[in-house]
>>> print(open('work.pdb').read())   # PDB, C-alpha atoms
ATOM      1  CA  MET V  17     -17.638 -12.340   5.546
ATOM      2  CA  SER V  18     -17.392  -8.820   7.027
ATOM      3  CA  ASP V  19     -20.319  -6.981   8.622
ATOM      4  CA  PRO V  20     -23.418  -7.232   6.421
ATOM      5  CA  ILE V  21     -24.307  -4.483   3.993
ATOM      6  CA  ARG V  22     -27.125  -2.478   5.538
ATOM      7  CA  MET V  23     -29.763  -2.012   2.840
ATOM      8  CA  GLY V  24     -32.837   0.178   2.546
ATOM      9  CA  ILE V  25     -35.629  -0.249   0.012
ATOM     10  CA  VAL V  26     -37.396   2.757  -1.510
ATOM     11  CA  GLY V  27     -40.839   1.703  -2.733
ATOM     12  CA  PHE V  28     -42.509  -1.255  -1.051
ATOM     13  CA  GLY V  29     -45.115  -2.294  -3.589
ATOM     14  CA  GLY V  30     -44.990  -5.567  -5.506
ATOM     15  CA  MET V  31     -41.407  -5.224  -6.753
ATOM     16  CA  GLY V  32     -40.105  -3.834  -3.478
ATOM     17  CA  GLN V  33     -41.633  -6.668  -1.469
ATOM     18  CA  GLY V  34     -40.357  -9.207  -3.988
ATOM     19  CA  HIS V  35     -36.839  -7.829  -3.658
ATOM     20  CA  ALA V  36     -37.160  -7.898   0.129
ATOM     21  CA  ARG V  37     -37.839 -11.641  -0.032
ATOM     22  CA  THR V  38     -34.823 -12.096  -2.304
ATOM     23  CA  VAL V  39     -32.560 -10.035  -0.047
ATOM     24  CA  SER V  40     -33.629 -12.068   2.995
ATOM     25  CA  GLY V  41     -32.073 -15.163   1.430
ATOM     26  CA  ILE V  42     -28.748 -13.591   0.475
ATOM     27  CA  GLU V  43     -25.798 -13.789   2.823
ATOM     28  CA  GLY V  44     -24.014 -10.545   3.509
ATOM     29  CA  ILE V  45     -26.991  -8.171   3.176
ATOM     30  CA  GLU V  46     -29.324  -7.042   5.948
ATOM     31  CA  LEU V  47     -32.558  -5.198   5.178
ATOM     32  CA  VAL V  48     -32.829  -2.438   7.787
ATOM     33  CA  ALA V  49     -35.172   0.227   6.397
ATOM     34  CA  VAL V  50     -38.036   0.838   3.979
ATOM     35  CA  ALA V  51     -39.494   4.075   2.597
ATOM     36  CA  ASP V  52     -42.974   4.260   1.078
ATOM     37  CA  PRO V  53     -45.715   6.924   1.243
ATOM     38  CA  SER V  54     -48.414   4.268   1.681
ATOM     39  CA  PRO V  55     -49.289   3.447   5.327
ATOM     40  CA  ARG V  56     -50.346  -0.033   4.226
ATOM     41  CA  SER V  57     -46.978  -0.673   2.595
ATOM     42  CA  ARG V  58     -45.168   0.598   5.691
ATOM     43  CA  GLU V  59     -47.230  -1.774   7.833
ATOM     44  CA  SER V  60     -46.051  -4.659   5.634
ATOM     45  CA  ALA V  61     -42.459  -3.511   6.113
ATOM     46  CA  GLU V  62     -42.851  -3.116   9.881
ATOM     47  CA  ALA V  63     -43.851  -6.780  10.036
ATOM     48  CA  LEU V  64     -40.291  -7.542   8.912
ATOM     49  CA  GLY V  65     -38.877  -5.659  11.881
ATOM     50  CA  VAL V  66     -37.299  -2.845   9.876
ATOM     51  CA  GLU V  67     -37.369   0.922  10.321
ATOM     52  CA  THR V  68     -39.916   2.661   8.083
ATOM     53  CA  PHE V  69     -40.160   6.134   6.566
ATOM     54  CA  SER V  70     -42.760   7.914   4.466
ATOM     55  CA  ASN V  71     -40.236   9.223   1.898
ATOM     56  CA  HIS V  72     -36.817   8.407   0.510
ATOM     57  CA  ARG V  73     -35.179  11.589   1.832
ATOM     58  CA  ASP V  74     -35.861  10.616   5.434
ATOM     59  CA  LEU V  75     -34.489   7.142   4.770
ATOM     60  CA  THR V  76     -31.228   8.386   3.242
ATOM     61  CA  ASP V  77     -30.836  11.119   5.893
ATOM     62  CA  ARG V  78     -31.837   9.223   9.035
ATOM     63  CA  ALA V  79     -31.344   5.505   8.475
ATOM     64  CA  GLU V  80     -27.844   4.076   8.670
ATOM     65  CA  VAL V  81     -27.737   2.391   5.277
ATOM     66  CA  ASP V  82     -24.834   1.434   3.033
ATOM     67  CA  ALA V  83     -27.017   0.737   0.003
ATOM     68  CA  VAL V  84     -30.472   1.513  -1.320
ATOM     69  CA  LEU V  85     -32.629  -0.595  -3.618
ATOM     70  CA  VAL V  86     -34.918   1.647  -5.680
ATOM     71  CA  ALA V  87     -38.286   0.022  -6.461
ATOM     72  CA  SER V  88     -40.474   3.138  -6.427
ATOM     73  CA  PRO V  89     -42.408   4.360  -9.495
ATOM     74  CA  SER V  90     -40.119   4.854 -12.481
ATOM     75  CA  ASN V  91     -40.574   8.616 -12.638
ATOM     76  CA  THR V  92     -38.945   8.881  -9.177
ATOM     77  CA  HIS V  93     -35.863   6.762  -9.934
ATOM     78  CA  GLY V  94     -33.663   9.635 -11.057
ATOM     79  CA  THR V  95     -34.436  11.730  -7.969
ATOM     80  CA  VAL V  96     -33.656   8.875  -5.576
ATOM     81  CA  VAL V  97     -30.430   7.939  -7.371
ATOM     82  CA  LYS V  98     -29.214  11.551  -7.285
ATOM     83  CA  GLN V  99     -29.951  11.746  -3.557
ATOM     84  CA  CYS V 100     -27.908   8.593  -2.983
ATOM     85  CA  CYS V 101     -25.021   9.920  -5.077
ATOM     86  CA  GLU V 102     -24.906  13.055  -2.905
ATOM     87  CA  ARG V 103     -24.728  10.907   0.243
ATOM     88  CA  GLY V 104     -22.323   8.258  -1.033
ATOM     89  CA  ILE V 105     -24.894   5.463  -0.785
ATOM     90  CA  HIS V 106     -24.606   2.515  -3.202
ATOM     91  CA  VAL V 107     -27.632   2.019  -5.465
ATOM     92  CA  PHE V 108     -29.423  -0.884  -7.051
ATOM     93  CA  CYS V 109     -32.097   0.709  -9.270
ATOM     94  CA  GLU V 110     -34.952  -1.220 -10.805
ATOM     95  CA  LYS V 111     -35.464  -0.695 -14.521
ATOM     96  CA  PRO V 112     -36.130   1.595 -16.256
ATOM     97  CA  PHE V 113     -33.352   3.948 -15.210
ATOM     98  CA  THR V 114     -35.540   7.020 -15.851
ATOM     99  CA  THR V 115     -38.564   7.979 -17.937
ATOM    100  CA  THR V 116     -36.684  10.430 -20.198
ATOM    101  CA  PHE V 117     -33.368  10.168 -22.010
ATOM    102  CA  GLU V 118     -32.388  13.673 -20.885
ATOM    103  CA  GLU V 119     -32.751  12.726 -17.221
ATOM    104  CA  ALA V 120     -30.850   9.485 -17.815
ATOM    105  CA  VAL V 121     -27.881  11.453 -19.158
ATOM    106  CA  GLU V 122     -28.002  13.885 -16.230
ATOM    107  CA  VAL V 123     -28.288  11.210 -13.532
ATOM    108  CA  GLY V 124     -25.792   8.968 -15.291
ATOM    109  CA  GLY V 125     -23.240  11.773 -15.140
ATOM    110  CA  MET V 126     -23.724  12.076 -11.386
ATOM    111  CA  VAL V 127     -23.314   8.330 -10.885
ATOM    112  CA  SER V 128     -20.164   8.231 -13.018
ATOM    113  CA  SER V 129     -18.659  11.147 -11.079
ATOM    114  CA  SER V 130     -19.388   9.531  -7.716
ATOM    115  CA  ASP V 131     -17.695   6.669  -5.889
ATOM    116  CA  ILE V 132     -20.856   4.616  -5.424
ATOM    117  CA  VAL V 133     -21.479   1.121  -6.765
ATOM    118  CA  PHE V 134     -24.457   1.195  -9.120
ATOM    119  CA  SER V 135     -26.504  -1.542 -10.761
ATOM    120  CA  ILE V 136     -29.618  -1.418 -12.946
ATOM    121  CA  GLY V 137     -32.265  -4.147 -12.692
ATOM    122  CA  LEU V 138     -31.906  -5.649 -16.163
ATOM    123  CA  VAL V 139     -32.487  -9.068 -14.693
ATOM    124  CA  LEU V 140     -32.399 -11.156 -17.888
ATOM    125  CA  ARG V 141     -28.668 -10.476 -18.233
ATOM    126  CA  HIS V 142     -28.272 -12.363 -14.940
ATOM    127  CA  SER V 143     -30.539 -15.248 -15.961
ATOM    128  CA  GLN V 144     -28.796 -18.624 -16.290
ATOM    129  CA  THR V 145     -30.937 -19.307 -19.359
ATOM    130  CA  TYR V 146     -29.732 -16.276 -21.296
ATOM    131  CA  ARG V 147     -26.160 -16.500 -20.021
ATOM    132  CA  GLU V 148     -25.979 -20.048 -21.380
ATOM    133  CA  ALA V 149     -27.457 -18.832 -24.672
ATOM    134  CA  LYS V 150     -24.771 -16.124 -24.774
ATOM    135  CA  ARG V 151     -22.027 -18.690 -24.179
ATOM    136  CA  LEU V 152     -23.279 -20.916 -26.988
ATOM    137  CA  ILE V 153     -23.654 -18.041 -29.447
ATOM    138  CA  ASP V 154     -20.181 -16.681 -28.681
ATOM    139  CA  ALA V 155     -18.712 -20.187 -29.032
ATOM    140  CA  GLY V 156     -20.231 -20.485 -32.511
ATOM    141  CA  GLU V 157     -22.425 -23.452 -31.581
ATOM    142  CA  ILE V 158     -25.295 -22.253 -33.803
ATOM    143  CA  GLY V 159     -23.080 -20.541 -36.381
ATOM    144  CA  ASP V 160     -23.357 -16.933 -37.512
ATOM    145  CA  VAL V 161     -26.651 -15.430 -36.364
ATOM    146  CA  GLY V 162     -28.717 -13.621 -38.966
ATOM    147  CA  LEU V 163     -32.068 -13.238 -37.264
ATOM    148  CA  ALA V 164     -33.780 -13.376 -33.893
ATOM    149  CA  GLN V 165     -37.562 -13.382 -33.549
ATOM    150  CA  CYS V 166     -39.074 -12.573 -30.169
ATOM    151  CA  ARG V 167     -42.446 -12.151 -28.524
ATOM    152  CA  TYR V 168     -42.589 -10.342 -25.186
ATOM    153  CA  SER V 169     -46.073 -10.172 -23.776
ATOM    154  CA  GLY V 170     -48.197 -10.157 -20.668
ATOM    155  CA  HIS V 171     -51.824  -9.462 -19.795
ATOM    156  CA  MET V 172     -51.321  -6.247 -17.797
ATOM    157  CA  LEU V 173     -54.097  -3.888 -18.857
ATOM    158  CA  GLY V 174     -56.414  -3.380 -15.883
ATOM    159  CA  ARG V 175     -53.964  -5.203 -13.611
ATOM    160  CA  TYR V 176     -50.714  -3.208 -13.773
ATOM    161  CA  ASP V 177     -51.895   0.067 -15.244
ATOM    162  CA  TYR V 178     -48.676   1.888 -14.302
ATOM    163  CA  VAL V 179     -47.107   0.071 -17.261
ATOM    164  CA  PHE V 180     -49.262   2.184 -19.586
ATOM    165  CA  SER V 181     -48.849   5.501 -17.747
ATOM    166  CA  ARG V 182     -47.047   8.309 -19.584
ATOM    167  CA  THR V 183     -46.439   9.982 -16.233
ATOM    168  CA  LEU V 184     -45.291   7.051 -14.109
ATOM    169  CA  GLY V 185     -43.311   5.023 -16.613
ATOM    170  CA  ARG V 186     -43.670   6.358 -20.189
ATOM    171  CA  GLY V 187     -45.242   3.201 -21.606
ATOM    172  CA  LEU V 188     -45.054  -0.525 -22.275
ATOM    173  CA  ILE V 189     -41.721  -0.367 -24.112
ATOM    174  CA  ASN V 190     -39.962   1.463 -21.284
ATOM    175  CA  GLU V 191     -41.604  -0.465 -18.440
ATOM    176  CA  HIS V 192     -41.817  -4.006 -19.805
ATOM    177  CA  THR V 193     -40.412  -4.685 -23.283
ATOM    178  CA  ILE V 194     -37.133  -3.145 -22.118
ATOM    179  CA  HIS V 195     -36.160  -6.579 -20.773
ATOM    180  CA  MET V 196     -36.289  -8.326 -24.146
ATOM    181  CA  ILE V 197     -34.788  -5.341 -25.955
ATOM    182  CA  ASP V 198     -31.841  -5.323 -23.566
ATOM    183  CA  VAL V 199     -31.181  -9.050 -23.461
ATOM    184  CA  MET V 200     -31.121  -9.275 -27.253
ATOM    185  CA  GLU V 201     -28.471  -6.568 -27.294
ATOM    186  CA  PHE V 202     -26.628  -8.632 -24.678
ATOM    187  CA  LEU V 203     -26.810 -11.736 -26.880
ATOM    188  CA  LEU V 204     -26.161 -10.270 -30.329
ATOM    189  CA  GLY V 205     -24.166  -7.098 -29.725
ATOM    190  CA  SER V 206     -24.783  -3.361 -29.740
ATOM    191  CA  VAL V 207     -27.675  -2.036 -31.793
ATOM    192  CA  ASP V 208     -26.874   0.377 -34.628
ATOM    193  CA  SER V 209     -30.385   1.326 -35.757
ATOM    194  CA  VAL V 210     -34.057   0.681 -35.008
ATOM    195  CA  PHE V 211     -37.410   0.867 -36.726
ATOM    196  CA  ALA V 212     -40.568   0.709 -34.621
ATOM    197  CA  ALA V 213     -44.332   1.105 -34.765
ATOM    198  CA  THR V 214     -46.883   1.208 -31.931
ATOM    199  CA  ASP V 215     -50.622   1.627 -31.429
ATOM    200  CA  SER V 216     -50.103   4.586 -29.104
ATOM    201  CA  CYS V 217     -52.596   7.445 -29.425
ATOM    202  CA  GLU V 218     -53.768  10.487 -27.496
ATOM    203  CA  GLU V 219     -55.965   8.323 -25.261
ATOM    204  CA  HIS V 220     -53.327   5.774 -24.244
ATOM    205  CA  THR V 221     -49.701   4.737 -24.526
ATOM    206  CA  GLU V 222     -48.783   1.680 -26.589
ATOM    207  CA  TYR V 223     -50.629  -1.559 -25.892
ATOM    208  CA  ASN V 224     -48.788  -3.316 -28.721
ATOM    209  CA  ALA V 225     -45.564  -2.596 -30.585
ATOM    210  CA  ALA V 226     -43.361  -4.004 -33.345
ATOM    211  CA  ILE V 227     -39.616  -3.332 -33.094
ATOM    212  CA  LEU V 228     -36.857  -4.136 -35.576
ATOM    213  CA  MET V 229     -33.263  -3.723 -34.389
ATOM    214  CA  ARG V 230     -30.104  -4.021 -36.489
ATOM    215  CA  HIS V 231     -27.025  -5.075 -34.517
ATOM    216  CA  GLU V 232     -23.426  -4.123 -35.228
ATOM    217  CA  THR V 233     -22.903  -7.770 -36.230
ATOM    218  CA  ASP V 234     -25.484  -7.249 -39.039
ATOM    219  CA  ALA V 235     -27.895  -9.588 -37.267
ATOM    220  CA  PHE V 236     -31.522  -8.449 -36.973
ATOM    221  CA  THR V 237     -33.871  -8.782 -34.003
ATOM    222  CA  ALA V 238     -37.632  -8.517 -34.529
ATOM    223  CA  ILE V 239     -39.687  -8.090 -31.349
ATOM    224  CA  SER V 240     -43.471  -8.264 -31.083
ATOM    225  CA  ALA V 241     -44.481  -6.625 -27.808
ATOM    226  CA  SER V 242     -47.886  -6.722 -26.158
ATOM    227  CA  GLY V 243     -49.315  -5.685 -22.829
ATOM    228  CA  VAL V 244     -52.701  -7.253 -23.555
ATOM    229  CA  SER V 245     -51.824 -10.718 -24.898
ATOM    230  CA  ARG V 246     -51.922 -13.837 -22.739
ATOM    231  CA  LEU V 247     -49.544 -15.711 -25.048
ATOM    232  CA  PRO V 248     -46.205 -16.780 -23.537
ATOM    233  CA  GLY V 249     -43.022 -14.982 -24.496
ATOM    234  CA  TYR V 250     -40.117 -16.469 -26.387
ATOM    235  CA  ALA V 251     -36.856 -15.592 -28.123
ATOM    236  CA  ARG V 252     -35.782 -17.640 -31.163
ATOM    237  CA  ILE V 253     -32.195 -17.019 -32.284
ATOM    238  CA  THR V 254     -31.378 -18.542 -35.673
ATOM    239  CA  GLY V 255     -27.843 -19.251 -36.843
ATOM    240  CA  MET V 256     -26.349 -20.938 -39.880
ATOM    241  CA  LYS V 257     -25.871 -24.244 -38.024
ATOM    242  CA  GLY V 258     -28.708 -24.320 -35.523
ATOM    243  CA  GLU V 259     -31.219 -22.467 -33.436
ATOM    244  CA  LEU V 260     -31.754 -21.540 -29.795
ATOM    245  CA  MET V 261     -35.213 -21.027 -28.299
ATOM    246  CA  ALA V 262     -35.694 -19.374 -24.907
ATOM    247  CA  GLU V 263     -39.253 -20.017 -23.720
ATOM    248  CA  SER V 264     -40.850 -17.781 -21.070
ATOM    249  CA  ASN V 265     -37.364 -16.563 -20.062
ATOM    250  CA  SER V 266     -36.669 -19.873 -18.348
ATOM    251  CA  ARG V 267     -36.334 -22.867 -20.680
ATOM    252  CA  LEU V 268     -33.532 -23.011 -23.286
ATOM    253  CA  ILE V 269     -33.850 -25.392 -26.228
ATOM    254  CA  PHE V 270     -31.214 -26.185 -28.859
ATOM    255  CA  LYS V 271     -32.367 -27.281 -32.318
ATOM    256  CA  ASP V 272     -30.431 -28.405 -35.389
ATOM    257  CA  GLU V 273     -30.781 -30.951 -38.191
ATOM    258  CA  ASP V 274     -30.474 -33.807 -35.687
ATOM    259  CA  GLY V 275     -33.493 -32.671 -33.674
ATOM    260  CA  GLU V 276     -33.970 -30.615 -30.522
ATOM    261  CA  ARG V 277     -33.087 -30.959 -26.869
ATOM    262  CA  GLU V 278     -33.608 -28.953 -23.698
ATOM    263  CA  LEU V 279     -30.380 -27.495 -22.339
ATOM    264  CA  ILE V 280     -31.465 -25.708 -19.186
ATOM    265  CA  SER V 281     -34.508 -24.652 -17.218
ATOM    266  CA  ALA V 282     -33.920 -21.978 -14.596
ATOM    267  CA  PRO V 283     -35.816 -19.197 -12.802
ATOM    268  CA  LEU V 284     -35.181 -15.510 -13.404
ATOM    269  CA  GLY V 285     -31.957 -14.204 -11.915
ATOM    270  CA  TYR V 286     -33.269 -11.891  -9.190
ATOM    271  CA  ASP V 287     -30.947 -13.488  -6.633
ATOM    272  CA  HIS V 288     -27.969 -13.364  -9.020
ATOM    273  CA  GLU V 289     -28.345  -9.638  -9.713
ATOM    274  CA  ILE V 290     -28.434  -8.808  -5.983
ATOM    275  CA  GLU V 291     -25.468 -11.099  -5.311
ATOM    276  CA  ASP V 292     -23.563  -9.350  -8.100
ATOM    277  CA  PHE V 293     -24.387  -5.985  -6.493
ATOM    278  CA  ARG V 294     -23.225  -7.256  -3.086
ATOM    279  CA  ASP V 295     -19.958  -8.630  -4.482
ATOM    280  CA  ALA V 296     -19.214  -5.376  -6.305
ATOM    281  CA  ILE V 297     -19.587  -3.436  -3.039
ATOM    282  CA  LEU V 298     -17.420  -5.864  -1.082
ATOM    283  CA  ASN V 299     -14.714  -6.190  -3.749
ATOM    284  CA  GLY V 300     -14.692  -2.668  -5.113
ATOM    285  CA  LYS V 301     -15.584  -3.769  -8.632
ATOM    286  CA  GLU V 302     -18.169  -2.747 -11.206
ATOM    287  CA  THR V 303     -21.421  -4.665 -11.467
ATOM    288  CA  LEU V 304     -22.395  -6.637 -14.575
ATOM    289  CA  THR V 305     -25.193  -4.130 -15.152
ATOM    290  CA  GLY V 306     -23.542  -0.869 -14.192
ATOM    291  CA  ILE V 307     -24.177   2.709 -15.215
ATOM    292  CA  GLU V 308     -22.966   2.175 -18.795
ATOM    293  CA  LYS V 309     -25.629  -0.519 -19.264
ATOM    294  CA  ALA V 310     -28.276   1.790 -17.783
ATOM    295  CA  LEU V 311     -27.334   4.588 -20.182
ATOM    296  CA  SER V 312     -27.074   2.252 -23.181
ATOM    297  CA  SER V 313     -30.528   0.870 -22.421
ATOM    298  CA  SER V 314     -31.989   4.376 -22.025
ATOM    299  CA  ARG V 315     -30.474   5.429 -25.346
ATOM    300  CA  LEU V 316     -31.883   2.406 -27.149
ATOM    301  CA  ILE V 317     -35.355   2.914 -25.675
ATOM    302  CA  GLU V 318     -35.269   6.576 -26.709
ATOM    303  CA  ALA V 319     -34.355   5.605 -30.284
ATOM    304  CA  ILE V 320     -37.264   3.155 -30.414
ATOM    305  CA  TYR V 321     -39.782   5.750 -29.217
ATOM    306  CA  ARG V 322     -38.432   8.325 -31.654
ATOM    307  CA  SER V 323     -38.705   5.852 -34.521
ATOM    308  CA  ALA V 324     -42.327   5.085 -33.649
ATOM    309  CA  GLU V 325     -43.140   8.806 -33.435
ATOM    310  CA  LEU V 326     -41.337   9.752 -36.664
ATOM    311  CA  GLY V 327     -42.295   6.673 -38.689
ATOM    312  CA  ARG V 328     -38.740   6.037 -39.884
ATOM    313  CA  LYS V 329     -35.507   4.314 -38.993
ATOM    314  CA  VAL V 330     -33.415   5.955 -36.274
ATOM    315  CA  GLU V 331     -29.637   5.567 -36.045
ATOM    316  CA  LEU V 332     -28.430   5.373 -32.455
ATOM    317  CA  SER V 333     -25.367   7.414 -33.377
ATOM    318  CA  THR V 334     -27.681  10.432 -33.682
ATOM    319  CA  LEU V 335     -28.442  10.278 -29.937
ATOM    320  CA  THR V 336     -25.728  11.762 -27.727
TER     321      THR V 336
END
>>> encode(input="work.pdb", output="structure tokens")
Amino acid sequence: MSDPIRMGIVGFGGMGQGHARTVSGIEGIELVAVADPSPRSRESAEALGVETFSNHRDLTDRAEVDAVLVASPSNTHGTVVKQCCERGIHVFCEKPFTTTFEEAVEVGGMVSSSDIVFSIGLVLRHSQTYREAKRLIDAGEIGDVGLAQCRYSGHMLGRYDYVFSRTLGRGLINEHTIHMIDVMEFLLGSVDSVFAATDSCEEHTEYNAAILMRHETDAFTAISASGVSRLPGYARITGMKGELMAESNSRLIFKDEDGERELISAPLGYDHEIEDFRDAILNGKETLTGIEKALSSSRLIEAIYRSAELGRKVELSTLT
């Protein structure tokens, strides 16, 4: 392998430190710099022997990096990505892409016009569990799919309050449920229309939400989302011949008239998404979760929020 890709991380909180551990185990990438306004976070980074900066501009201007991993608060993602585009630095951006659809379109245009490699952190698309589910569905192993029922939950209130911040991340759907929303589009095809309801009010963003998506294949996905429930998540995809159940994003079960059996149990694909990003840089190819996926996800999230606000179905074709 050629010289390692020199990577910087912007944002060294929980996600940034988690990605740093992942990067340390991947051949061909060297973590060389970290930017974070928190002195405590910079101290944690210094313990890894990397150069530290208090803001992303100093990192992109002064550190010799080939790529940047963006793990800062979601409302800063667009600014960091634009800065990297201007400097020709490859970008892996944690989800969500931005906190507004308008900014997503603007930043997406800059990425598309640049020569950088870009990837969005929609990690479930890289999960072995969901990739195996995709293979089985496409092969017709469960027959034509009519309905998927999902629960995506986590007890985050009082623990990860940024998830519920209109300023930092927009809300639960954009910060958390986005993973299940996106992976169901991955499994069942593009979404044509959505209908959604939330318990959002003036005092807080949504704690709970119900989302119904109609796919271009005429299959429906119903998602129950919660940021206050301790119940485990699941995705149940029902076809004419059988059923697939993904439990807690890790365990895949196949069920038909002959019974049920476990097919695979695998961790989330954080290493796979970074390896995909690395390979795209080295081979001059697009990533599996490139800018088109980031924009498609932003468009779908926008449609869901609009539906919840308007109290009616929203066609994605109305969003340009």
>>> closest_residue(input="work.pdb", among="V:Ala212, V:Ala83, V:Ala310, V:Ala61", to="Arg328 (chain V)", atoms="only C-alpha atoms")
V:Ala212
>>> closest_residue(input="work.pdb", among="V:Arg141, V:Lys301, V:Arg22, V:Arg78", to="Asp198 (chain V)", atoms="only C-alpha atoms")
V:Arg141
>>> closest_residue(input="work.pdb", among="V:His220, V:His195, V:His72, V:Lys309", to="Ile239 (chain V)", atoms="all atoms listed in the file")
V:His195
>>> residues_around(input="work.pdb", residues="Ile320 (chain V)", least_positions_apart="2", cutoff="12 Å", atoms="all atoms listed in the file", output="ChimeraX atom specification")
/V:117,187-190,193-194,197,207-214,225-230,239,313-318,322-332,335
>>> resolve_selection(input="work.pdb", expression="the PyMOL selection byres ((chain V and resi 46) around 7)", output="list of chain:residue names")
V:Pro20, V:Ile21, V:Arg22, V:Met23, V:Gly44, V:Ile45, V:Leu47, V:Val48
>>> atom_distance(input="work.pdb", atom1="CA of Glu201 (chain V)", atom2="CA of Arg147 (chain V)")
12.5 Å
>>> residues_near_point(input="work.pdb", point="(-39.7, -7.7, -2.3)", cutoff="12 Å", atoms="all atoms listed in the file", output="ChimeraX atom specification")
/V:24-41,47,50,57,60-61,64,85-88,110,286-287,290
>>> atom_distance(input="work.pdb", atom1="CA of Glu232 (chain V)", atom2="CA of Leu152 (chain V)")
18.7 Å
>>> axis_aligned_box(input="work.pdb", around="region 211-223 of chain V", padding_each_side="3 Å", output="JSON")
{"center_x": -46.7, "center_y": 4.5, "center_z": -30.5, "size_x": 24.6, "size_y": 18.0, "size_z": 18.5}
>>> closest_residue(input="work.pdb", among="V:Glu191, V:His142, V:Tyr178, V:Lys98", to="Val121 (chain V)", atoms="all atoms listed in the file")
V:Lys98
>>> resolve_selection(input="work.pdb", expression="the PyMOL selection byres ((chain V and resi 263-276) around 10)", output="number ranges by chain")
V: 140, 143-146, 148-149, 152, 157-158, 166-169, 196, 247-262, 277-285
>>> residues_near_point(input="work.pdb", point="(-33.1, 14.1, -13.9)", cutoff="10 Å", atoms="only C-alpha atoms", output="PDB file with C-alpha atoms, keeping the file's coordinate frame")
ATOM      1  CA  ASN V  91     -40.574   8.616 -12.638  1.00  0.00           C
ATOM      2  CA  THR V  92     -38.945   8.881  -9.177  1.00  0.00           C
ATOM      3  CA  HIS V  93     -35.863   6.762  -9.934  1.00  0.00           C
ATOM      4  CA  GLY V  94     -33.663   9.635 -11.057  1.00  0.00           C
ATOM      5  CA  THR V  95     -34.436  11.730  -7.969  1.00  0.00           C
ATOM      6  CA  VAL V  96     -33.656   8.875  -5.576  1.00  0.00           C
ATOM      7  CA  VAL V  97     -30.430   7.939  -7.371  1.00  0.00           C
ATOM      8  CA  LYS V  98     -29.214  11.551  -7.285  1.00  0.00           C
ATOM      9  CA  THR V 114     -35.540   7.020 -15.851  1.00  0.00           C
ATOM     10  CA  THR V 115     -38.564   7.979 -17.937  1.00  0.00           C
ATOM     11  CA  THR V 116     -36.684  10.430 -20.198  1.00  0.00           C
ATOM     12  CA  PHE V 117     -33.368  10.168 -22.010  1.00  0.00           C
ATOM     13  CA  GLU V 118     -32.388  13.673 -20.885  1.00  0.00           C
ATOM     14  CA  GLU V 119     -32.751  12.726 -17.221  1.00  0.00           C
ATOM     15  CA  ALA V 120     -30.850   9.485 -17.815  1.00  0.00           C
ATOM     16  CA  VAL V 121     -27.881  11.453 -19.158  1.00  0.00           C
ATOM     17  CA  GLU V 122     -28.002  13.885 -16.230  1.00  0.00           C
ATOM     18  CA  VAL V 123     -28.288  11.210 -13.532  1.00  0.00           C
ATOM     19  CA  GLY V 124     -25.792   8.968 -15.291  1.00  0.00           C
ATOM     20  CA  MET V 126     -23.724  12.076 -11.386  1.00  0.00           C
TER      21      MET V 126
END
>>> atom_distance(input="work.pdb", atom1="CA of Val84 (chain V)", atom2="CA of His106 (chain V)")
6.2 Å
>>> closest_residue(input="work.pdb", among="V:Arg294, V:Asp82, V:Cys101, V:Ser333", to="Ser129 (chain V)", atoms="all atoms listed in the file")
V:Cys101
>>> resolve_selection(input="work.pdb", expression="the PyMOL selection byres ((chain V and resi 224) around 7)", output="JSON, numbers by chain")
{"V": [214, 215, 222, 223, 225, 241, 242, 243]}
>>> residues_around(input="work.pdb", residues="region 133-136 of chain V", least_positions_apart="6", cutoff="9 Å", atoms="all atoms listed in the file", output="PyMOL selection string")
chain V and resi 83+105-113+127+289-290+292-293+296-297+300-307+309-310
